[in-house]
Amino acid sequence: MTIVTGSWRATATVLRDAGVRTVFGLPGDDMDALEAIADAGIRFVLCRDQRNAVFMATGYAMQSGDLGVALIGKGPAVTNALTGLLEASCSAVPVLLLSAGTAVERRGSGAFQELDQLSVVAPLVKWAARVDHPDRLVPLLRRADLVARTNHGPVYVELPDHLLKAEIPMSRTAAAKLETPAGVTVTAESPALRALLAAKRPILLVGGGMRHRNRDRLVERFAKKYGAAVVCTATGRGTVDESSPLFCGLAGLYTPDAVAKLWAETDCVVTLGSRLEETATFQWPESVGVDVPVVQVNVDAAHFATDFGGPKMLADARVVLRSWLGFPGGRGDTEWAATVHAVHAELLAGRDEELRGLRASPDLHIAEVLAALDEIVPANRILVQENGLQDMWSYRFPLYSCGAEGGSVVPSEQTSLGFGAAAAVGVKQAAPDRPVVAFVGDGAFGLFSVDLPTALTQDAGIMYVVLRNGGYGWLQAQLDQRDKTLPGYAFVDPAAVSWEAPALPGLRQVTAGDKATLVSDVTEAWKLTEAGHVVVLNVPARLADAMFGGAAAGGDFPVVGQGD
Ligand SMILES: Cc1ncc(C[n+]2csc(CCOP(=O)(O)OP(=O)(O)O)c2C)c(N)n1
Ligand SMILES: [Mg+2]
């Protein structure tokens with residue numbers, strides 16, 4: 001049996017054999033990990049902040065569908081990574097977090113940066129282990145890999161310091177290739193299928209669980225066969241071709257007005273790989289899940305939303321779709337399909353009209369920036385999003401749409417501020433040949449900024465469109481809605497609207513002046529990005545230019561969680 005000296009060297013070998021090509025992280029004091037990873041031919045993206053490292057690994061996993069790996073030290077390094085684990089967990093993506101740990105002989109002695117790390121990460125991971133003996137290292141790492149890939153979430157492995165120079169036995173066997181059954185047999189008695197066949201006005205909701213599972217356009221074919229409207233959750237975005245005539249935008253909070261009538265009339269909702277969280281189901285009609293069945297297909301029973309009645313199928317949604325497609329029946333050419341086509345066309349016409357109106361007014365609008373990006377950056381771009389007051393425009397189909405070639409990475413229901421800005425670095429690693437555009441608020445960008453130098457070390461073009469409204473616009477809008485003012489407190493600083501990112505060597509910045517120069521500004525930013533630069537396109541934004549008006553814009557401002 002081969003013996004490898006040192007836990008990190010053995011780990012690097014296991015990772016390499018598992019196909020890992022990139023690790024994101026910030027090693028602890030000892031540099032063995034860095035050296036071992038580099039020697040194994042794996043790229044180590046050296047971050048400044050562990051939270052960002054896990055965000056990057058999560059972005060990598062979301063884009064590639066493959067394992068994202070982050071590597072960190074111990075104690076505060078682990079607590080700092082927790083928000084990253086929260087995102088990976090809520091996005092249900094395969095991420096492996098590796099950390100250092102206190103040596104077994106020092107545990108309980110008040111050792112430097114000692115922490116019960118297993119307890120701290122436990123609620124956020126699918127599986128966690130501490131390797132206490134050299135013999136367990138390879139089997140536990142292999143299990144971590146299997147669990148992360150199949151249980152849809154992050155896993156954690158701690159490598160304590162007493163193994164730093166240990167002799168680690170490598171396995172005599174190659175890592176097992178995971179075998180997953182190719183099909184399920186859905187019979188005519190299946191309650192889910194019966195609900196589907198009985199439906200006259202179905203809506204198909206595509207969740208994040210369908211990412212990387214729609215290679216041959218199964219969803220679009222299924223929708224056509226059954227004449228269903230197709231909508232998606234934020235995380236599910238990029239799975240379906242949004243130029244398909246049955247596509248009608250995002251669900252819940254982001255539902256375009258014209259689509260509300262489809263929700264009012266539907267008689268069956270089919271959801272694929274979604275947990276039906278609050279944002280995705282916001283303002284659904286009361287009848288949905290009561291009189292109108294919600295057919296849910298998920299791989300994990302814990303992901304079923306039990307607030308909604310209707311058949312539940314525990315299976316891979318891709319496999320189920322294939323089976324459903326094979327069944328005779330389906331009513332593609334219905335009145336309902338015609339209604340859905342008409343809604344799709346109405347959305348496109350509405351966007352054109354809205355843009356015409358906005359272009360005719362003197363101010364620069366975020367919607368116009370999105371239209372310019374759509375025009376100038378090639379269609380295979382991946383848009384990486386945040387969830388602030390103003391970047392939220394990018395959630396509104398078809399103001400921004402993700403065509404057949406396009407990609408999208410969106411934060412989970414947790415909407416951790418700064419996720420998208422950091423994830424973009426991981427997305428670029430996963431898709432080096434595609435344009436990556438991060439569409440972020442200045443608050444999110446500020447949180448990420450400590451790792452802007454990290455992005456610059458990668459010699460890969462990323463375009464950051466930073467909407468500068470002077471700070472935390474979302475919170476300012478909440479404050480502005482109150483009857484009672486709180487003098488002396490503000491979440492935005494009007495002077496900061498004209499700020500730029502810190503001047504760093506190699507960083508290119510373009511500031512969008514006004515609408516007259518918008519196209520040339522975006523073109524310049526894109527040309528620099530295409531040439532391999534990290535580019536910040538600073539866009540001054542007015543608080544009133546918000547998708548959900550708020551008091552600032554004199555419109556309605558839905559407060560999620562308080563419903564109405
Ligand atoms: C870690 C974290 N803290 C707080 C929040 C709550 N939050 C949501 S949006 C927002 C402000 C975002 O500011 P910015 O990115 O500039 O976007 P803006 O709202 O200004 O458009 C905050 C603090 C969050 N989502 N995540
Ligand atoms: Mg802001």
# chains A, B, ... in the order shown; residues from 1 in each chain; ligands from 1
$ residues_near_ligand --ligand "ligand 2" --cutoff "8 Å" --atoms "only C-alpha atoms and all ligand atoms" --output "list in words"
Gly388, Leu389, Gln390, Gly441, Asp442, Gly443, Ala444, Leu467, Arg468, Asn469, Gly470, Gly471, Tyr472, Gly473, Trp474 and Val492 of chain A
$ select_by_dssp --residues "stretch 367-549 of chain A" --states "strand (DSSP E or B)" --output "ChimeraX atom specification"
/A:382-385,407-409,436-441,462-468,471,492,508-511,534-540
$ write_last_selection --atoms "N, CA and C atoms" --output "mmCIF file, in the first residue's frame"
data_model
loop_
_atom_site.group_PDB
_atom_site.id
_atom_site.type_symbol
_atom_site.label_atom_id
_atom_site.label_comp_id
_atom_site.auth_asym_id
_atom_site.auth_seq_id
_atom_site.Cartn_x
_atom_site.Cartn_y
_atom_site.Cartn_z
ATOM 1 N N ILE A 382 -22.930 34.635 -18.428
ATOM 2 C CA ILE A 382 -23.543 34.147 -17.187
ATOM 3 C C ILE A 382 -23.741 35.366 -16.297
ATOM 4 N N LEU A 383 -24.972 35.633 -15.947
ATOM 5 C CA LEU A 383 -25.245 36.759 -15.057
ATOM 6 C C LEU A 383 -25.239 36.246 -13.621
ATOM 7 N N VAL A 384 -24.409 36.865 -12.783
ATOM 8 C CA VAL A 384 -24.340 36.460 -11.378
ATOM 9 C C VAL A 384 -24.999 37.579 -10.570
ATOM 10 N N GLN A 385 -25.983 37.205 -9.773
ATOM 11 C CA GLN A 385 -26.838 38.225 -9.176
ATOM 12 C C GLN A 385 -26.705 38.313 -7.657
ATOM 13 N N GLY A 407 -26.533 31.800 -19.010
ATOM 14 C CA GLY A 407 -26.449 31.180 -17.696
ATOM 15 C C GLY A 407 -26.778 32.183 -16.606
ATOM 16 N N SER A 408 -27.038 31.655 -15.423
ATOM 17 C CA SER A 408 -27.446 32.528 -14.330
ATOM 18 C C SER A 408 -27.052 31.886 -13.001
ATOM 19 N N VAL A 409 -26.518 32.686 -12.114
ATOM 20 C CA VAL A 409 -26.237 32.215 -10.753
ATOM 21 C C VAL A 409 -26.829 33.238 -9.796
ATOM 22 N N VAL A 436 -18.606 36.496 -17.857
ATOM 23 C CA VAL A 436 -19.230 36.487 -16.527
ATOM 24 C C VAL A 436 -19.480 37.935 -16.117
ATOM 25 N N VAL A 437 -20.739 38.230 -15.851
ATOM 26 C CA VAL A 437 -21.133 39.582 -15.453
ATOM 27 C C VAL A 437 -21.796 39.502 -14.087
ATOM 28 N N ALA A 438 -21.222 40.192 -13.099
ATOM 29 C CA ALA A 438 -21.856 40.247 -11.779
ATOM 30 C C ALA A 438 -22.629 41.554 -11.692
ATOM 31 N N PHE A 439 -23.901 41.442 -11.328
ATOM 32 C CA PHE A 439 -24.781 42.605 -11.285
ATOM 33 C C PHE A 439 -25.091 42.869 -9.818
ATOM 34 N N VAL A 440 -24.411 43.834 -9.232
ATOM 35 C CA VAL A 440 -24.395 43.924 -7.764
ATOM 36 C C VAL A 440 -24.625 45.347 -7.251
ATOM 37 N N GLY A 441 -25.137 45.460 -6.044
ATOM 38 C CA GLY A 441 -25.267 46.749 -5.382
ATOM 39 C C GLY A 441 -23.933 47.173 -4.779
ATOM 40 N N ILE A 462 -13.715 39.464 -15.551
ATOM 41 C CA ILE A 462 -15.032 39.469 -14.901
ATOM 42 C C ILE A 462 -15.516 40.915 -14.952
ATOM 43 N N MET A 463 -16.775 41.080 -15.286
ATOM 44 C CA MET A 463 -17.315 42.441 -15.315
ATOM 45 C C MET A 463 -18.235 42.622 -14.110
ATOM 46 N N TYR A 464 -17.892 43.582 -13.263
ATOM 47 C CA TYR A 464 -18.742 43.927 -12.118
ATOM 48 C C TYR A 464 -19.539 45.182 -12.467
ATOM 49 N N VAL A 465 -20.836 45.025 -12.578
ATOM 50 C CA VAL A 465 -21.684 46.205 -12.756
ATOM 51 C C VAL A 465 -22.141 46.588 -11.354
ATOM 52 N N VAL A 466 -21.645 47.717 -10.841
ATOM 53 C CA VAL A 466 -21.918 48.091 -9.455
ATOM 54 C C VAL A 466 -22.918 49.251 -9.434
ATOM 55 N N LEU A 467 -24.086 48.977 -8.885
ATOM 56 C CA LEU A 467 -25.134 50.003 -8.824
ATOM 57 C C LEU A 467 -24.900 50.856 -7.584
ATOM 58 N N ARG A 468 -24.504 52.094 -7.815
ATOM 59 C CA ARG A 468 -24.090 52.953 -6.699
ATOM 60 C C ARG A 468 -25.216 53.893 -6.286
ATOM 61 N N GLY A 471 -25.154 53.102 -0.688
ATOM 62 C CA GLY A 471 -25.160 52.221 0.487
ATOM 63 C C GLY A 471 -26.251 51.182 0.430
ATOM 64 N N VAL A 492 -27.924 55.163 3.471
ATOM 65 C CA VAL A 492 -27.197 55.562 2.264
ATOM 66 C C VAL A 492 -26.611 56.954 2.456
ATOM 67 N N ARG A 508 -9.597 47.701 -13.843
ATOM 68 C CA ARG A 508 -10.067 48.703 -14.795
ATOM 69 C C ARG A 508 -11.439 49.194 -14.354
ATOM 70 N N GLN A 509 -11.666 50.480 -14.463
ATOM 71 C CA GLN A 509 -12.971 51.020 -14.084
ATOM 72 C C GLN A 509 -13.518 51.909 -15.181
ATOM 73 N N VAL A 510 -14.815 51.794 -15.354
ATOM 74 C CA VAL A 510 -15.524 52.662 -16.290
ATOM 75 C C VAL A 510 -16.691 53.225 -15.493
ATOM 76 N N THR A 511 -16.930 54.509 -15.602
ATOM 77 C CA THR A 511 -18.082 55.055 -14.904
ATOM 78 C C THR A 511 -19.125 55.466 -15.922
ATOM 79 N N VAL A 534 -10.311 42.403 -14.962
ATOM 80 C CA VAL A 534 -11.417 42.569 -14.020
ATOM 81 C C VAL A 534 -11.851 44.029 -14.154
ATOM 82 N N VAL A 535 -13.128 44.220 -14.434
ATOM 83 C CA VAL A 535 -13.619 45.560 -14.747
ATOM 84 C C VAL A 535 -14.770 45.925 -13.813
ATOM 85 N N VAL A 536 -14.718 47.118 -13.275
ATOM 86 C CA VAL A 536 -15.858 47.623 -12.511
ATOM 87 C C VAL A 536 -16.541 48.696 -13.342
ATOM 88 N N LEU A 537 -17.802 48.459 -13.654
ATOM 89 C CA LEU A 537 -18.593 49.486 -14.328
ATOM 90 C C LEU A 537 -19.450 50.144 -13.248
ATOM 91 N N ASN A 538 -19.076 51.363 -12.874
ATOM 92 C CA ASN A 538 -19.810 52.074 -11.824
ATOM 93 C C ASN A 538 -21.046 52.733 -12.434
ATOM 94 N N VAL A 539 -22.205 52.417 -11.869
ATOM 95 C CA VAL A 539 -23.447 52.994 -12.381
ATOM 96 C C VAL A 539 -24.130 53.784 -11.262
ATOM 97 N N PRO A 540 -24.119 55.114 -11.345
ATOM 98 C CA PRO A 540 -24.833 55.891 -10.323
ATOM 99 C C PRO A 540 -26.328 55.564 -10.396
#
$ residues_around --residues "A:Asn387" --least-positions-apart "3" --cutoff "7 Å" --atoms "only C-alpha atoms" --output "tab-separated table (two decimals) with C-alpha atoms, in the first residue's frame"
chain	number	residue	atom	x	y	z
A	391	ASP	CA	-30.03	44.94	-8.69
A	392	MET	CA	-33.35	43.15	-8.25
A	415	THR	CA	-29.80	36.10	-0.10
$ atom_distance --atom1 "atom CA of A:Val299" --atom2 "atom CA of A:Gly273"
7.4 Å
$ residues_around --residues "stretch 176-178 of chain A" --least-positions-apart "6" --cutoff "9 Å" --atoms "only C-alpha atoms" --output "list in words"
Arg142, Leu146 and Thr150 of chain A
$ write_last_selection --atoms "N, CA and C atoms" --output "CSV table (one decimal), in the first residue's frame"
chain,number,residue,atom,x,y,z
A,142,ARG,N,-13.3,10.3,0.8
A,142,ARG,CA,-14.1,9.7,-0.3
A,142,ARG,C,-15.6,9.8,0.1
A,146,LEU,N,-18.8,11.7,-1.9
A,146,LEU,CA,-20.0,11.0,-2.3
A,146,LEU,C,-21.3,11.7,-1.7
A,150,THR,N,-24.3,13.6,-3.8
A,150,THR,CA,-25.7,12.9,-3.8
A,150,THR,C,-26.7,13.5,-2.9
$ closest_residue --among "A:Leu98, A:Met547, A:Leu67, A:Leu272" --to "ligand 1" --atoms "only C-alpha atoms and all ligand atoms"
A:Met547
$ atom_distance --atom1 "atom CA of A:Arg211" --atom2 "atom CA of A:Thr22"
20.9 Å
$ closest_residue --among "A:Ser449, A:Thr529, A:Thr180, A:Ser412" --to "A:Gly461" --atoms "only C-alpha atoms"
A:Thr529
$ atom_distance --atom1 "atom CA of A:Gly207" --atom2 "atom CA of A:Tyr156"
25.4 Å
$ select_by_dssp --residues "stretch 331-384 of chain A" --states "alpha helix (DSSP H)" --output "tab-separated table (two decimals) with C-alpha atoms, in the first residue's frame"
chain	number	residue	atom	x	y	z
A	335	GLU	CA	-56.70	27.08	-25.41
A	336	TRP	CA	-54.49	27.28	-22.33
A	337	ALA	CA	-51.32	26.95	-24.42
A	338	ALA	CA	-52.62	29.77	-26.62
A	339	THR	CA	-53.26	31.89	-23.51
A	340	VAL	CA	-49.74	31.22	-22.27
A	341	HIS	CA	-48.24	32.16	-25.64
A	342	ALA	CA	-50.25	35.36	-25.56
A	343	VAL	CA	-48.97	36.20	-22.06
A	344	HIS	CA	-45.37	35.58	-23.18
A	345	ALA	CA	-45.91	37.88	-26.18
A	346	GLU	CA	-47.56	40.48	-23.94
A	347	LEU	CA	-44.52	40.43	-21.64
A	348	LEU	CA	-42.15	41.06	-24.55
A	349	ALA	CA	-44.31	43.85	-25.92
A	350	GLY	CA	-44.59	45.36	-22.43
A	351	ARG	CA	-40.83	45.38	-22.03
A	352	ASP	CA	-40.32	47.15	-25.36
A	353	GLU	CA	-42.88	49.76	-24.46
A	354	GLU	CA	-41.44	50.25	-20.98
A	355	LEU	CA	-37.94	50.69	-22.39
A	356	ARG	CA	-39.18	53.17	-24.97
A	357	GLY	CA	-40.72	55.21	-22.17
A	358	LEU	CA	-37.64	55.04	-19.98
A	359	ARG	CA	-35.35	56.02	-22.86
A	360	ALA	CA	-37.48	59.07	-23.53
A	366	ILE	CA	-31.23	50.38	-14.32
A	367	ALA	CA	-33.57	48.74	-16.82
A	368	GLU	CA	-31.67	50.53	-19.59
A	369	VAL	CA	-28.37	49.21	-18.21
A	370	LEU	CA	-29.75	45.65	-18.36
A	371	ALA	CA	-30.93	46.22	-21.93
A	372	ALA	CA	-27.45	47.51	-22.88
A	373	LEU	CA	-25.80	44.45	-21.31
A	374	ASP	CA	-28.17	42.22	-23.25
A	375	GLU	CA	-27.25	43.96	-26.48
A	376	ILE	CA	-23.50	44.21	-25.98
